[in-house]
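Chemist: Got a structure for you, written out below as structure tokens; questions coming shortly.
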Amino acid sequence: NRIQSFNYSAYPNPVINELTIEAEKIDTTSRELQPFEVKIYDESGNEIFNRKMKDAKNKISVNGFKGGFYYLHIISEDGIIRKKIKIEK
């Protein structure tokens, strides 16, 4: 049986310069971190960031983003985890 687990943390919240995403998506058969995708949407639902991630710890610069609320989506084979984040300027 192949069992997968997926845990993540995104911090800090609110974000000032850089958002850190730490993820653990373990395939219990291979014991390897499985790739996942990160998308960020603005309050109007426009996708403003999209990147495939392979590392356990990832940093995203938000220097080009305006201050306000955004929606972080972490997408894996298991589904989508959603989190509201605030960017302060």
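Each chain in the structure tokens gets a letter, A, B and so on, in the order shown; residues start at 1 in every chain, and ligands are counted from 1 in the order they appear.
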So that I can see what lies close to His73 of chain A, please list as a ChimeraX atom specification the residues with an atom at most 7 Å from it, counting only C-alpha atoms and leaving out residues fewer than 2 positions away in the same chain.
Modeler: /A:38-40,71,75,80-83
Chemist: What would the file look like if the residues just selected were written as a PDB file, in the first residue's frame with C-alpha atoms?
Modeler:
```pdb
ATOM      1  CA  VAL A  38       2.041  27.063  -5.178  1.00  0.00           C
ATOM      2  CA  LYS A  39      -0.387  29.644  -6.534  1.00  0.00           C
ATOM      3  CA  ILE A  40      -1.239  33.032  -5.099  1.00  0.00           C
ATOM      4  CA  TYR A  71      -5.154  33.586  -1.219  1.00  0.00           C
ATOM      5  CA  ILE A  75      -1.671  22.006  -4.772  1.00  0.00           C
ATOM      6  CA  ILE A  80      -5.611  21.812  -2.572  1.00  0.00           C
ATOM      7  CA  ILE A  81      -4.814  23.497   0.724  1.00  0.00           C
ATOM      8  CA  ARG A  82      -5.994  27.112   0.877  1.00  0.00           C
ATOM      9  CA  LYS A  83      -4.835  29.845   3.234  1.00  0.00           C
TER      10      LYS A  83
END
```
Chemist: Could you write out, as a PyMOL selection string, all the residues of chain A that DSSP marks as strand (DSSP E)?
Modeler: chain A and resi 4-11+18-27+36-42+47-53+57-61+68-76+79-87
Chemist: Which is closest to Thr20 of chain A among A:Asp42, A:Asp55, A:Asp78, A:Glu47, if we use only C-alpha atoms?
Modeler: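 Result for the nearest residue to Thr20 of chain A: A:Asp55.
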Chemist: Report, in Å with one decimal, the straight-line distance from atom CA of Asn7 of chain A to atom CA of Gly67 of chain A.
Modeler: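 Separating atom CA of Asn7 of chain A from atom CA of Gly67 of chain A is a distance of 27.2 Å.
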Chemist: What does the distance from atom CA of Lys86 of chain A to atom CA of Pro12 of chain A come to in Å, to one decimal?
Modeler: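 Separation of atom CA of Lys86 of chain A and atom CA of Pro12 of chain A: 9.3 Å.
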Chemist: So, counting only C-alpha atoms, which residue among A:Glu77, A:Ser9, A:Tyr70, A:Ile87 is closest to Ser44 of chain A?
Modeler: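 Counting only C-alpha atoms, the residue closest to Ser44 of chain A is A:Tyr70.
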Chemist: Would you compute the distance between atom CA of Arg51 of chain A and atom CA of Ser76 of chain A? Give it in Å to one decimal.
Modeler: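 So the two atoms, atom CA of Arg51 of chain A and atom CA of Ser76 of chain A, lie 12.3 Å apart.
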Chemist: Tell me, as JSON, numbers by chain, which residues lie within 9 Å of Phe65 of chain A, counting only C-alpha atoms; anything in the same chain fewer than 4 positions away does not count.
Modeler: {"A": [48, 61, 87, 89]}
Chemist: Let me see the file: selected residues, all heavy atoms, as a compact mmCIF listing (two decimals), in the first residue's frame.
Modeler:
```txt
# COMPACT_ATOMS: atom_id res chain seq x y z
N ILE A 48 -1.62 35.63 -9.50
CA ILE A 48 -0.48 36.53 -9.62
C ILE A 48 0.85 35.82 -9.39
O ILE A 48 1.91 36.41 -9.59
CB ILE A 48 -0.61 37.73 -8.67
CG1 ILE A 48 -0.73 37.27 -7.24
CG2 ILE A 48 -1.79 38.60 -9.07
CD1 ILE A 48 -0.58 38.38 -6.24
N SER A 61 9.48 35.96 -2.73
CA SER A 61 9.54 37.40 -2.52
C SER A 61 8.19 38.01 -2.87
O SER A 61 7.62 37.72 -3.92
CB SER A 61 10.63 38.01 -3.40
OG SER A 61 10.56 39.42 -3.34
N ILE A 87 -0.40 40.75 3.09
CA ILE A 87 0.88 41.36 2.75
C ILE A 87 0.82 42.80 3.21
O ILE A 87 -0.10 43.54 2.86
CB ILE A 87 1.18 41.24 1.25
CG1 ILE A 87 1.34 39.76 0.88
CG2 ILE A 87 2.42 42.05 0.88
CD1 ILE A 87 1.55 39.48 -0.57
N LYS A 89 2.69 46.54 3.51
CA LYS A 89 3.68 47.42 2.86
C LYS A 89 3.89 48.64 3.72
O LYS A 89 3.09 49.06 4.47
CB LYS A 89 3.20 47.83 1.46
CG LYS A 89 3.16 46.67 0.50
CD LYS A 89 4.56 46.18 0.24
CE LYS A 89 4.56 44.93 -0.61
NZ LYS A 89 5.83 44.43 -0.94
```
